file input21.csv (CSV, C-alpha atoms)
chain,number,residue,atom,x,y,z
I,322,MET,CA,-2.4,-44.8,67.3
I,323,LYS,CA,1.2,-43.8,66.9
I,324,LEU,CA,3.7,-44.5,69.6
I,325,ILE,CA,7.2,-43.3,70.4
I,326,LEU,CA,9.0,-45.7,72.7
I,327,SER,CA,12.3,-44.4,73.9
I,328,ASP,CA,15.0,-45.6,76.3
I,329,ARG,CA,16.0,-41.9,77.1
I,330,PRO,CA,14.2,-38.7,77.7
I,331,LEU,CA,13.4,-36.8,74.5
I,332,ASP,CA,12.6,-33.1,74.2
I,333,ILE,CA,9.4,-33.4,72.3
I,334,ARG,CA,5.9,-32.3,73.2
I,335,PRO,CA,3.5,-35.1,72.2
I,336,GLU,CA,0.7,-33.6,74.2
I,337,ASP,CA,0.2,-31.4,71.2
I,338,PHE,CA,-0.9,-34.4,69.2
I,339,LYS,CA,-3.9,-36.5,70.1
I,340,GLU,CA,-2.9,-39.6,68.1
I,341,ILE,CA,0.7,-39.7,69.3
I,342,LYS,CA,1.8,-41.3,72.6
I,343,TYR,CA,5.3,-40.9,73.9
I,344,ILE,CA,6.8,-43.1,76.5
I,345,ASP,CA,10.2,-42.6,78.2
I,346,LEU,CA,11.0,-46.1,79.5
I,347,SER,CA,13.9,-44.7,81.6
I,348,SER,CA,11.4,-42.9,83.8
I,349,LEU,CA,9.4,-46.1,84.5
I,350,ASN,CA,9.7,-49.0,86.9
I,351,ILE,CA,10.0,-52.1,84.8
I,352,SER,CA,11.4,-55.3,86.3
I,353,ASN,CA,13.1,-58.1,84.3
I,354,CYS,CA,10.9,-60.9,82.9
I,355,VAL,CA,11.2,-64.0,85.0
I,356,GLY,CA,10.4,-66.4,82.3
I,357,CYS,CA,7.4,-67.9,84.2
I,358,PHE,CA,5.1,-68.3,81.2
I,359,GLY,CA,2.3,-66.9,83.4
I,360,CYS,CA,1.2,-64.5,80.6
I,361,TRP,CA,0.7,-67.6,78.3
I,362,THR,CA,-0.6,-70.3,80.7
I,363,LYS,CA,-1.9,-68.7,83.9
I,364,THR,CA,-3.4,-65.2,83.1
I,365,PRO,CA,-3.3,-65.2,79.3
I,366,GLY,CA,-2.5,-61.8,77.9
I,367,LYS,CA,-1.5,-60.3,81.3
I,368,CYS,CA,1.9,-60.3,82.9
I,369,VAL,CA,1.9,-61.6,86.5
I,370,ILE,CA,4.4,-58.8,87.5
I,371,ARG,CA,2.2,-55.8,88.0
I,372,ASP,CA,4.6,-52.9,87.4
I,373,ASP,CA,4.7,-50.1,84.8
I,374,ALA,CA,5.3,-52.6,81.9
I,375,VAL,CA,1.6,-53.6,82.0
I,376,SER,CA,0.6,-50.1,80.8
I,377,VAL,CA,3.2,-50.2,78.0
I,378,TYR,CA,2.7,-53.5,76.1
I,379,PRO,CA,-1.0,-52.8,75.3
I,380,LEU,CA,0.1,-49.6,73.6
I,381,ILE,CA,2.8,-51.4,71.7
I,382,ALA,CA,0.1,-53.8,70.5
I,383,GLN,CA,-2.4,-51.1,69.5
I,384,SER,CA,0.1,-48.9,67.6
I,385,ASP,CA,0.0,-49.0,63.8
I,386,GLU,CA,3.1,-46.8,63.6
I,387,ILE,CA,5.9,-47.0,66.1
I,388,ILE,CA,9.3,-45.4,66.6
I,389,TYR,CA,11.7,-47.3,68.9
I,390,VAL,CA,14.6,-45.2,70.2
I,391,SER,CA,17.3,-47.3,71.8
I,392,ARG,CA,21.0,-47.4,72.6
I,393,ILE,CA,22.7,-50.4,71.0
I,394,LYS,CA,24.9,-52.9,72.8
I,395,TYR,CA,26.6,-55.9,71.3
I,396,GLY,CA,24.4,-55.5,68.2
I,397,GLY,CA,21.1,-55.6,70.2
I,398,TYR,CA,19.0,-53.2,72.2
I,399,ASP,CA,20.6,-52.1,75.4
I,400,THR,CA,19.1,-52.9,78.8
I,401,VAL,CA,16.3,-50.4,79.1
I,402,MET,CA,14.6,-51.2,75.8
I,403,LYS,CA,15.4,-54.9,75.9
I,404,THR,CA,13.9,-55.3,79.4
I,405,MET,CA,10.6,-53.8,78.1
I,406,LEU,CA,10.6,-55.9,74.9
I,407,GLU,CA,11.0,-59.1,77.0
I,408,ARG,CA,8.1,-58.0,79.2
I,409,ALA,CA,5.9,-57.5,76.1
I,410,ILE,CA,5.6,-61.3,75.6
I,411,PRO,CA,1.9,-61.2,76.8
I,412,VAL,CA,1.0,-59.8,73.4
I,413,GLN,CA,1.8,-63.3,72.0
I,414,GLN,CA,0.2,-66.6,72.7
I,415,ALA,CA,2.2,-69.7,73.7
I,416,PHE,CA,0.9,-71.4,70.5
I,417,ILE,CA,3.1,-71.8,67.5
I,418,GLN,CA,2.2,-71.2,63.8
I,419,ILE,CA,4.1,-71.4,60.5
I,420,LEU,CA,4.7,-67.9,59.1
I,421,ASP,CA,6.7,-67.4,55.9
I,422,GLY,CA,8.0,-71.0,56.3
I,423,GLU,CA,9.2,-70.6,59.9
I,424,THR,CA,7.7,-71.4,63.2
I,425,HIS,CA,6.6,-68.3,65.3
I,426,HIS,CA,4.3,-67.5,68.1
I,427,VAL,CA,0.7,-66.6,67.3
I,428,GLN,CA,0.0,-62.9,68.0
I,429,ARG,CA,-3.0,-61.7,70.1
I,430,ASP,CA,-4.7,-58.5,69.1
I,431,VAL,CA,-1.6,-56.8,67.7
I,432,ALA,CA,-1.9,-54.2,65.0
I,433,LEU,CA,0.2,-54.7,61.9
I,434,LYS,CA,2.6,-51.8,62.1
I,435,LYS,CA,5.1,-49.6,60.4
I,436,ALA,CA,8.2,-49.6,62.6
I,437,LYS,CA,11.1,-47.2,62.6
I,438,ILE,CA,14.1,-47.9,64.9
I,439,MET,CA,16.3,-45.0,65.8
I,440,ALA,CA,19.5,-46.7,67.0
I,441,TYR,CA,22.3,-44.8,68.7
I,442,GLY,CA,25.6,-45.9,70.1
I,443,CYS,CA,26.6,-48.3,67.4
I,444,THR,CA,30.4,-48.7,67.3
I,445,ASN,CA,31.1,-50.2,63.8
I,446,GLU,CA,29.6,-51.7,60.7
I,447,GLU,CA,29.6,-55.2,62.1
I,448,GLU,CA,27.4,-54.1,65.0
I,449,LYS,CA,25.1,-52.3,62.6
I,450,ASP,CA,24.8,-55.5,60.6
I,451,VAL,CA,23.9,-57.6,63.6
I,452,PHE,CA,21.3,-55.1,64.6
I,453,ARG,CA,19.8,-55.1,61.2
I,454,GLN,CA,19.6,-58.9,61.4
I,455,LEU,CA,17.9,-58.6,64.8
I,456,ILE,CA,15.3,-56.2,63.5
I,457,GLY,CA,14.6,-58.5,60.6
I,458,ARG,CA,13.8,-61.2,63.2
I,459,ASN,CA,11.7,-58.7,65.2
I,460,ALA,CA,9.7,-58.0,62.1
I,461,LYS,CA,8.3,-61.5,62.1
I,462,ASN,CA,7.7,-61.7,65.9
I,463,MET,CA,6.5,-58.2,66.5
I,464,ASN,CA,4.1,-57.9,63.6
I,465,PHE,CA,5.9,-55.3,61.5
I,466,LYS,CA,4.3,-54.6,58.1
I,467,ASN,CA,7.5,-52.8,57.2
I,468,HIS,CA,10.5,-51.4,59.0
I,469,GLU,CA,13.4,-49.0,58.7
I,470,VAL,CA,16.5,-48.8,60.9
I,471,VAL,CA,18.2,-45.4,61.2
I,472,PHE,CA,21.6,-45.2,62.9
I,473,THR,CA,22.3,-42.0,64.6
I,474,SER,CA,24.2,-40.4,67.5
I,475,GLU,CA,22.7,-39.9,70.9
I,476,GLU,CA,23.1,-36.1,70.4
I,477,ASP,CA,21.1,-36.2,67.2
I,478,VAL,CA,18.4,-38.7,68.1
I,479,CYS,CA,16.0,-36.1,69.5
I,480,ASP,CA,16.0,-34.0,66.3
I,481,MET,CA,15.5,-37.2,64.2
I,482,VAL,CA,12.5,-38.1,66.3
I,483,SER,CA,11.1,-34.6,66.0
I,484,LYS,CA,11.3,-34.7,62.2
I,485,GLU,CA,9.4,-38.0,62.2
I,486,VAL,CA,6.7,-36.5,64.4
I,487,GLU,CA,6.4,-33.6,62.0
I,488,LYS,CA,5.8,-36.1,59.2
I,489,TRP,CA,3.2,-37.8,61.3
I,490,GLU,CA,1.5,-34.4,61.8
I,491,LYS,CA,1.2,-33.8,58.1
I,492,GLN,CA,-0.4,-37.2,57.4
O,1289,MET,CA,43.2,-80.2,79.9
O,1290,GLY,CA,41.5,-76.9,80.7
O,1291,LYS,CA,38.7,-76.1,83.1
O,1292,THR,CA,35.3,-74.9,82.0
O,1293,ILE,CA,32.6,-73.0,83.9
O,1294,ILE,CA,29.0,-73.0,82.7
O,1295,LEU,CA,27.2,-69.7,83.3
O,1296,ASN,CA,23.5,-69.9,83.0
O,1297,GLY,CA,22.0,-66.7,81.6
O,1298,SER,CA,18.4,-67.8,81.7
O,1299,PRO,CA,16.0,-65.4,83.6
O,1300,ARG,CA,14.7,-68.5,85.5
O,1301,ALA,CA,18.1,-70.1,85.8
O,1302,PRO,CA,17.6,-72.7,88.6
O,1303,LYS,CA,14.4,-74.0,86.9
O,1304,SER,CA,15.3,-73.4,83.3
O,1305,ASN,CA,15.8,-75.7,80.4
O,1306,SER,CA,19.3,-74.1,80.1
O,1307,LYS,CA,20.0,-75.7,83.5
O,1308,ARG,CA,18.9,-79.1,82.2
O,1309,TYR,CA,21.2,-78.8,79.2
O,1310,ALA,CA,24.0,-77.7,81.5
O,1311,ASP,CA,23.4,-80.7,83.7
O,1312,ILE,CA,23.9,-83.0,80.7
O,1313,PHE,CA,27.2,-81.2,79.9
O,1314,LEU,CA,28.3,-81.6,83.5
O,1315,GLU,CA,27.6,-85.4,83.3
O,1316,HIS,CA,29.9,-85.6,80.3
O,1317,SER,CA,32.6,-83.4,81.9
O,1318,LYS,CA,33.2,-85.8,84.7
O,1319,GLY,CA,34.2,-83.2,87.2
O,1320,THR,CA,36.2,-80.9,84.9
O,1321,ALA,CA,33.4,-78.3,84.7
O,1322,ASP,CA,31.7,-76.1,87.2
O,1323,TYR,CA,28.3,-74.4,87.1
O,1324,MET,CA,26.9,-71.0,88.2
O,1325,ASP,CA,23.6,-69.2,87.7
O,1326,ILE,CA,24.0,-65.6,86.6
O,1327,ARG,CA,22.0,-63.4,89.0
O,1328,LYS,CA,21.6,-59.7,89.3
O,1329,ASN,CA,23.8,-59.6,92.4
O,1330,ASN,CA,26.7,-62.0,91.5
O,1331,HIS,CA,28.3,-60.4,88.5
O,1332,GLY,CA,31.4,-59.2,90.4
O,1333,GLU,CA,31.8,-62.6,92.0
O,1334,ILE,CA,31.7,-64.4,88.7
O,1335,CYS,CA,34.1,-61.9,87.0
O,1336,GLU,CA,36.7,-62.6,89.8
O,1337,MET,CA,36.3,-66.3,89.5
O,1338,LEU,CA,37.0,-66.4,85.8
O,1339,ASP,CA,40.8,-66.3,86.2
O,1340,GLY,CA,40.6,-69.9,87.3
O,1341,TYR,CA,39.0,-71.1,84.0
O,1342,THR,CA,40.2,-71.7,80.5
O,1343,ASP,CA,36.7,-71.8,79.1
O,1344,VAL,CA,33.3,-70.3,79.7
O,1345,LEU,CA,30.2,-71.9,78.3
O,1346,LEU,CA,27.3,-69.5,78.2
O,1347,ALA,CA,24.0,-71.4,78.5
O,1348,PHE,CA,20.9,-69.4,77.8
O,1349,PRO,CA,17.6,-69.3,75.9
O,1350,LEU,CA,16.7,-67.1,72.9
O,1351,TYR,CA,14.7,-64.1,74.3
O,1352,ALA,CA,12.9,-61.7,72.1
O,1353,ASP,CA,15.1,-62.7,69.2
O,1354,GLY,CA,18.4,-61.9,71.1
O,1355,ILE,CA,20.3,-62.6,74.3
O,1356,PRO,CA,18.3,-62.3,77.5
O,1357,VAL,CA,18.8,-59.1,79.6
O,1358,THR,CA,20.2,-61.4,82.4
O,1359,LEU,CA,23.1,-62.2,80.1
O,1360,LEU,CA,23.4,-58.8,78.5
O,1361,ASP,CA,23.9,-57.1,81.9
O,1362,PHE,CA,26.5,-59.7,82.9
O,1363,LEU,CA,28.4,-59.2,79.7
O,1364,LYS,CA,28.4,-55.4,80.4
O,1365,ALA,CA,29.8,-56.1,83.9
O,1366,LEU,CA,32.4,-58.4,82.4
O,1367,GLU,CA,33.4,-55.7,80.0
O,1368,SER,CA,34.0,-53.4,83.0
O,1369,ALA,CA,35.9,-56.0,85.1
O,1370,PRO,CA,37.7,-58.4,82.8
O,1371,PRO,CA,39.8,-61.2,84.2
O,1372,ASP,CA,43.6,-61.0,83.8
O,1373,LYS,CA,43.6,-64.1,81.5
O,1374,LYS,CA,40.6,-64.1,79.3
O,1375,PRO,CA,38.9,-67.5,78.8
O,1376,VAL,CA,37.6,-68.8,75.5
O,1377,ILE,CA,33.8,-68.2,75.4
O,1378,SER,CA,31.4,-70.8,74.0
O,1379,VAL,CA,27.6,-70.8,73.6
O,1380,MET,CA,24.9,-73.3,74.3
O,1381,ILE,CA,21.6,-71.7,73.2
O,1382,ASN,CA,18.1,-73.0,73.0
O,1383,CYS,CA,14.9,-71.7,71.5
O,1384,GLY,CA,11.3,-73.0,71.5
O,1385,PHE,CA,11.1,-72.8,67.7
O,1386,ILE,CA,12.0,-75.9,65.6
O,1387,GLU,CA,14.5,-74.0,63.5
O,1388,SER,CA,17.8,-73.9,65.5
O,1389,SER,CA,18.9,-71.2,63.1
O,1390,GLN,CA,16.5,-68.8,64.8
O,1391,ASN,CA,19.3,-68.6,67.5
O,1392,ASP,CA,21.8,-67.1,65.0
O,1393,THR,CA,21.4,-63.5,65.8
O,1394,ALA,CA,21.9,-64.0,69.6
O,1395,ILE,CA,25.1,-66.0,68.8
O,1396,ARG,CA,26.4,-63.2,66.7
O,1397,MET,CA,25.8,-60.8,69.7
O,1398,VAL,CA,28.1,-63.0,71.8
O,1399,GLU,CA,30.7,-63.1,69.0
O,1400,LEU,CA,30.5,-59.4,68.8
O,1401,PHE,CA,31.1,-59.1,72.6
O,1402,CYS,CA,34.1,-61.3,72.2
O,1403,ARG,CA,35.6,-59.4,69.3
O,1404,GLN,CA,35.0,-56.0,71.0
O,1405,ASN,CA,36.6,-57.2,74.3
O,1406,GLY,CA,39.4,-59.5,73.2
O,1407,TYR,CA,38.0,-62.9,74.0
O,1408,THR,CA,38.4,-65.9,71.7
O,1409,PHE,CA,35.0,-67.2,70.6
O,1410,GLY,CA,34.9,-71.0,70.9
O,1411,SER,CA,32.1,-73.6,70.2
O,1412,VAL,CA,28.4,-73.3,69.6
O,1413,LEU,CA,25.5,-75.7,70.2
O,1414,LYS,CA,22.2,-74.3,68.9
O,1415,ILE,CA,19.2,-76.1,70.0
O,1416,GLY,CA,15.8,-75.9,68.3
O,1417,SER,CA,12.5,-77.2,69.8
O,1418,GLY,CA,14.4,-76.6,73.1
O,1419,GLU,CA,11.3,-76.2,75.3
O,1420,ALA,CA,10.2,-79.8,74.9
O,1421,ILE,CA,12.9,-81.9,73.3
O,1422,LEU,CA,14.4,-83.2,76.5
O,1423,ASP,CA,11.0,-84.8,77.4
O,1424,THR,CA,10.8,-86.8,74.1
O,1425,PRO,CA,12.7,-89.8,72.8
O,1426,PHE,CA,14.8,-87.2,70.8
O,1427,ARG,CA,16.6,-86.5,74.0
O,1428,VAL,CA,19.3,-88.9,72.8
O,1429,PHE,CA,20.2,-86.6,70.0
O,1430,VAL,CA,20.6,-83.7,72.4
O,1431,ASN,CA,22.8,-85.9,74.6
O,1432,SER,CA,25.0,-86.8,71.7
O,1433,LYS,CA,25.4,-83.2,70.5
O,1434,ILE,CA,26.2,-82.0,74.0
O,1435,LYS,CA,28.8,-84.7,74.3
O,1436,LYS,CA,30.3,-83.3,71.0
O,1437,LEU,CA,30.2,-79.8,72.4
O,1438,TYR,CA,32.0,-81.0,75.5
O,1439,THR,CA,34.7,-82.8,73.5
O,1440,SER,CA,35.2,-79.8,71.3
O,1441,ILE,CA,35.7,-77.5,74.2
O,1442,SER,CA,37.9,-79.8,76.3
O,1443,THR,CA,40.2,-80.6,73.3
O,1444,GLY,CA,40.3,-77.0,72.1
O,1445,LYS,CA,39.0,-78.1,68.7
O,1446,TYR,CA,36.1,-75.7,68.7
O,1447,GLY,CA,33.2,-76.2,66.4
O,1448,THR,CA,29.5,-75.5,65.7
O,1449,PHE,CA,26.7,-78.0,66.3
O,1450,ASP,CA,23.0,-78.0,66.2
O,1451,VAL,CA,20.1,-80.1,67.1
O,1452,ALA,CA,16.2,-80.1,66.9
O,1453,MET,CA,13.4,-82.5,66.8
O,1454,PRO,CA,13.7,-84.4,63.5
O,1455,ILE,CA,10.1,-83.9,62.5
O,1456,SER,CA,8.2,-81.8,60.0
O,1457,LYS,CA,7.2,-78.2,60.9
O,1458,SER,CA,3.5,-79.0,60.7
O,1459,LEU,CA,3.9,-82.0,63.1
O,1460,PHE,CA,6.0,-79.8,65.4
O,1461,VAL,CA,3.2,-77.2,65.5
O,1462,LYS,CA,0.7,-80.0,66.5
O,1463,ALA,CA,3.1,-81.4,69.1
O,1464,SER,CA,3.8,-77.9,70.6
O,1465,THR,CA,0.1,-77.1,70.7
O,1466,LYS,CA,-0.5,-80.3,72.7
O,1467,PHE,CA,2.5,-79.4,75.0
O,1468,TRP,CA,1.1,-75.9,75.7
O,1469,ILE,CA,-2.5,-77.1,76.3
O,1470,GLU,CA,-1.2,-79.6,78.8
O,1471,TYR,CA,0.9,-76.8,80.4
O,1472,GLY,CA,-2.2,-74.6,80.8
O,1473,LYS,CA,-4.3,-77.5,82.1
O,1474,LYS,CA,-1.9,-77.8,85.0
O,1475,ASN,CA,-2.7,-74.2,85.9
O,1476,GLY,CA,-6.5,-74.8,85.4
O,1477,VAL,CA,-6.5,-72.7,82.2
O,1478,THR,CA,-8.2,-74.0,79.1
O,1479,GLU,CA,-7.0,-73.8,75.5
O,1480,LYS,CA,-9.8,-71.3,74.7
O,1481,GLU,CA,-8.6,-69.1,77.5
O,1482,MET,CA,-5.0,-69.4,76.4
O,1483,ARG,CA,-6.0,-68.4,72.9
O,1484,ALA,CA,-7.6,-65.1,74.2
O,1485,MET,CA,-6.9,-62.2,71.8
O,1486,GLU,CA,-7.3,-59.5,74.5
O,1487,ILE,CA,-4.2,-58.0,76.0
O,1488,GLU,CA,-4.7,-56.8,79.6
O,1489,GLY,CA,-8.4,-57.2,78.8
call {"tool": "encode", "arguments": {"input": "input21.csv", "output": "structure tokens"}}
result
Amino acid sequence: MKLILSDRPLDIRPEDFKEIKYIDLSSLNISNCVGCFGCWTKTPGKCVIRDDAVSVYPLIAQSDEIIYVSRIKYGGYDTVMKTMLERAIPVQQAFIQILDGETHHVQRDVALKKAKIMAYGCTNEEEKDVFRQLIGRNAKNMNFKNHEVVFTSEEDVCDMVSKEVEKWEKQ
Amino acid sequence: MGKTIILNGSPRAPKSNSKRYADIFLEHSKGTADYMDIRKNNHGEICEMLDGYTDVLLAFPLYADGIPVTLLDFLKALESAPPDKKPVISVMINCGFIESSQNDTAIRMVELFCRQNGYTFGSVLKIGSGEAILDTPFRVFVNSKIKKLYTSISTGKYGTFDVAMPISKSLFVKASTKFWIEYGKKNGVTEKEMRAMEIEG
């Protein structure tokens, strides 16, 4: 399954493609994670906050190709995407393992994935560098097989995603 | 001597480990530091208060490899409503992994905020194994590093410090497994249930 997870509306028509799901996070009701550890220690694999996030993180887990579309702030994801990623913690277990010489959480049933991150709103090279470092960290904690960061403008991001969808169609 | 305010950016601020670390800092400060939780509805209040402080210490956990949304949203509010006299901003960050270096990206985010908004970046304490270290004999090491952090901020001789359990990674994995099994047990959840592979299953 292929997933486009965006923090803004995109003018694309994913209904044309069976294998592609498109989620506009800005249209959903997603509260902040409260850090209760419920998804690890009370209802493992399920967030105790039953809002729209609970329909999103299983799709993130299932996807083997994913495009994240996000505004960047202070070298990280801006609020909409970051809120969702914090709520995706149920896809991991509390337990720690050693991966590539570092300690990381054990993943539940999370597909190894190709990730492309379409980042818009970056102000300078330093911010891009911090964001690249962040994605390098995400790769280990979000089960990326490989990843690519594309910096673009908000005006161009929809066209960029459309081109990626065309590539997916031809696969 | 200046005056410091600790701002807790943890999503579970009043019950957080960041609060416990902040409490140790407050003990060392002997009345020269104040403390506030960052909440969704108090950003404006905090921004107005900052004129009374020479230093801000942001205490928060690593969250999904970066700064928590709680802190991100506050920094955005501070960008919109800066104090007349900008304080020096320091960081006290903790993560559940044994490598305190896993906090580095989040620290760079705060540095970037400072550079973009004209704040001087001050000291850093990065804590590894931060979920459990305070409940082990290694607490003394944390106490010592927080004292150094306090001294660096109060004297204006800013620096970077780090602390984690001084044990091997494999021993840390064993210890953390025991910690989480006990945590689940308090909720009536077994290790097998906690190891479920299903998501929303």
call {"tool": "closest_residue", "arguments": {"input": "input21.csv", "among": "O:Asp1423, O:Asp1392, O:Asp1372, O:Asp1343", "to": "chain I", "atoms": "all atoms listed in the file"}}
result
O:Asp1392
call {"tool": "closest_atom_pairs", "arguments": {"input": "input21.csv", "of": "chain I", "to": "chain O", "cutoff": "8 Å", "atoms": "all atoms listed in the file", "output": "Markdown table"}}
result
| residue | atom | partner | partner_atom | distance |
| --- | --- | --- | --- | --- |
| I:Asn353 | CA | O:Val1357 | CA | 7.5 |
| I:Cys354 | CA | O:Pro1299 | CA | 6.8 |
| I:Val355 | CA | O:Pro1299 | CA | 5.2 |
| I:Gly356 | CA | O:Arg1300 | CA | 5.8 |
| I:Cys357 | CA | O:Arg1300 | CA | 7.4 |
| I:Trp361 | CA | O:Met1482 | CA | 6.3 |
| I:Thr362 | CA | O:Gly1472 | CA | 4.6 |
| I:Lys363 | CA | O:Asn1475 | CA | 5.9 |
| I:Pro365 | CA | O:Met1482 | CA | 5.4 |
| I:Gly366 | CA | O:Ile1487 | CA | 4.6 |
| I:Lys367 | CA | O:Glu1488 | CA | 5.0 |
| I:Val375 | CA | O:Glu1488 | CA | 7.5 |
| I:Pro379 | CA | O:Ile1487 | CA | 6.1 |
| I:Tyr395 | CA | O:Met1397 | CA | 5.2 |
| I:Gly396 | CA | O:Met1397 | CA | 5.7 |
| I:Gly397 | CA | O:Gly1354 | CA | 6.9 |
| I:Asp399 | CA | O:Leu1360 | CA | 7.9 |
| I:Thr400 | CA | O:Val1357 | CA | 6.3 |
| I:Lys403 | CA | O:Val1357 | CA | 6.5 |
| I:Thr404 | CA | O:Val1357 | CA | 6.2 |
| I:Leu406 | CA | O:Ala1352 | CA | 6.8 |
| I:Glu407 | CA | O:Ala1352 | CA | 5.9 |
| I:Pro411 | CA | O:Ile1487 | CA | 6.9 |
| I:Val412 | CA | O:Ile1487 | CA | 6.1 |
| I:Gln414 | CA | O:Arg1483 | CA | 6.5 |
| I:Ala415 | CA | O:Trp1468 | CA | 6.6 |
| I:Phe416 | CA | O:Thr1465 | CA | 5.8 |
| I:Ile417 | CA | O:Val1461 | CA | 5.8 |
| I:Gln418 | CA | O:Val1461 | CA | 6.3 |
| I:Ile419 | CA | O:Lys1457 | CA | 7.5 |
| I:Glu423 | CA | O:Glu1387 | CA | 7.3 |
| I:Thr424 | CA | O:Phe1385 | CA | 5.8 |
| I:His425 | CA | O:Phe1385 | CA | 6.8 |
| I:Gln428 | CA | O:Met1485 | CA | 7.9 |
| I:Arg429 | CA | O:Met1485 | CA | 4.3 |
| I:Asp430 | CA | O:Met1485 | CA | 5.1 |
| I:Glu447 | CA | O:Leu1400 | CA | 8.0 |
| I:Glu448 | CA | O:Leu1400 | CA | 7.2 |
| I:Val451 | CA | O:Thr1393 | CA | 6.8 |
| I:Gln454 | CA | O:Thr1393 | CA | 6.6 |
| I:Leu455 | CA | O:Thr1393 | CA | 6.1 |
| I:Arg458 | CA | O:Asp1353 | CA | 6.3 |
| I:Asn459 | CA | O:Asp1353 | CA | 6.6 |
call {"tool": "atom_distance", "arguments": {"input": "input21.csv", "atom1": "atom CA of O:Val1412", "atom2": "atom CA of O:Glu1367"}}
result
21.0 Å
call {"tool": "closest_residue", "arguments": {"input": "input21.csv", "among": "O:Gly1319, O:Pro1302, O:Gly1340, O:Gly1290", "to": "O:Lys1374", "atoms": "all atoms listed in the file"}}
result
O:Gly1340
call {"tool": "closest_residue", "arguments": {"input": "input21.csv", "among": "O:Lys1480, O:Thr1292, O:Tyr1438, O:Met1453", "to": "O:Glu1315", "atoms": "all atoms listed in the file"}}
result
O:Tyr1438
call {"tool": "atom_distance", "arguments": {"input": "input21.csv", "atom1": "atom CA of I:Glu476", "atom2": "atom CA of I:Ser327"}}
result
14.1 Å
call {"tool": "atom_distance", "arguments": {"input": "input21.csv", "atom1": "atom CA of I:Ile387", "atom2": "atom CA of I:Ala436"}}
result
4.9 Å
call {"tool": "residues_near_point", "arguments": {"input": "input21.csv", "point": "(17.7, -44.8, 78.3)", "cutoff": "10 Å", "atoms": "all atoms listed in the file", "output": "PyMOL selection string"}}
result
chain I and resi 327-331+345-348+390-392+399-402
call {"tool": "write_last_selection", "arguments": {"input": "input21.csv", "atoms": "C-alpha atoms", "output": "PDB file, in the coordinates of the input"}}
result
ATOM      1  CA  SER I 327      12.300 -44.400  73.900  1.00  0.00           C
ATOM      2  CA  ASP I 328      15.000 -45.600  76.300  1.00  0.00           C
ATOM      3  CA  ARG I 329      16.000 -41.900  77.100  1.00  0.00           C
ATOM      4  CA  PRO I 330      14.200 -38.700  77.700  1.00  0.00           C
ATOM      5  CA  LEU I 331      13.400 -36.800  74.500  1.00  0.00           C
ATOM      6  CA  ASP I 345      10.200 -42.600  78.200  1.00  0.00           C
ATOM      7  CA  LEU I 346      11.000 -46.100  79.500  1.00  0.00           C
ATOM      8  CA  SER I 347      13.900 -44.700  81.600  1.00  0.00           C
ATOM      9  CA  SER I 348      11.400 -42.900  83.800  1.00  0.00           C
ATOM     10  CA  VAL I 390      14.600 -45.200  70.200  1.00  0.00           C
ATOM     11  CA  SER I 391      17.300 -47.300  71.800  1.00  0.00           C
ATOM     12  CA  ARG I 392      21.000 -47.400  72.600  1.00  0.00           C
ATOM     13  CA  ASP I 399      20.600 -52.100  75.400  1.00  0.00           C
ATOM     14  CA  THR I 400      19.100 -52.900  78.800  1.00  0.00           C
ATOM     15  CA  VAL I 401      16.300 -50.400  79.100  1.00  0.00           C
ATOM     16  CA  MET I 402      14.600 -51.200  75.800  1.00  0.00           C
TER      17      MET I 402
END
call {"tool": "residues_near_point", "arguments": {"input": "input21.csv", "point": "(-1.2, -32.8, 62.9)", "cutoff": "9 Å", "atoms": "all atoms listed in the file", "output": "MDAnalysis selection string"}}
result
chainID I and resid 337:340 486:492
call {"tool": "decode", "arguments": {"input": "input21.csv", "residues": "stretch 1428-1454 of chain O", "atoms": "C-alpha atoms", "output": "mmCIF file, in the first residue's frame"}}
result
data_model
loop_
_atom_site.group_PDB
_atom_site.id
_atom_site.type_symbol
_atom_site.label_atom_id
_atom_site.label_comp_id
_atom_site.auth_asym_id
_atom_site.auth_seq_id
_atom_site.Cartn_x
_atom_site.Cartn_y
_atom_site.Cartn_z
ATOM 1 C CA VAL O 1428 23.776 10.998 41.962
ATOM 2 C CA PHE O 1429 25.361 11.519 38.550
ATOM 3 C CA VAL O 1430 22.266 13.360 37.340
ATOM 4 C CA ASN O 1431 22.282 15.499 40.450
ATOM 5 C CA SER O 1432 25.924 16.415 39.868
ATOM 6 C CA LYS O 1433 25.364 17.352 36.211
ATOM 7 C CA ILE O 1434 22.302 19.436 37.012
ATOM 8 C CA LYS O 1435 24.368 21.283 39.611
ATOM 9 C CA LYS O 1436 26.964 21.991 36.903
ATOM 10 C CA LEU O 1437 24.198 23.135 34.592
ATOM 11 C CA TYR O 1438 22.890 25.494 37.271
ATOM 12 C CA THR O 1439 26.369 26.894 37.958
ATOM 13 C CA SER O 1440 27.012 27.445 34.247
ATOM 14 C CA ILE O 1441 23.797 29.380 33.812
ATOM 15 C CA SER O 1442 24.063 31.394 37.018
ATOM 16 C CA THR O 1443 27.655 32.452 36.277
ATOM 17 C CA GLY O 1444 27.087 33.045 32.568
ATOM 18 C CA LYS O 1445 29.811 30.520 31.748
ATOM 19 C CA TYR O 1446 27.610 28.462 29.485
ATOM 20 C CA GLY O 1447 28.582 24.907 28.581
ATOM 21 C CA THR O 1448 27.372 21.512 27.422
ATOM 22 C CA PHE O 1449 26.957 18.546 29.747
ATOM 23 C CA ASP O 1450 25.602 15.043 29.378
ATOM 24 C CA VAL O 1451 24.716 12.108 31.572
ATOM 25 C CA ALA O 1452 23.362 8.568 31.186
ATOM 26 C CA MET O 1453 23.500 5.309 33.081
ATOM 27 C CA PRO O 1454 27.128 4.118 33.022
#
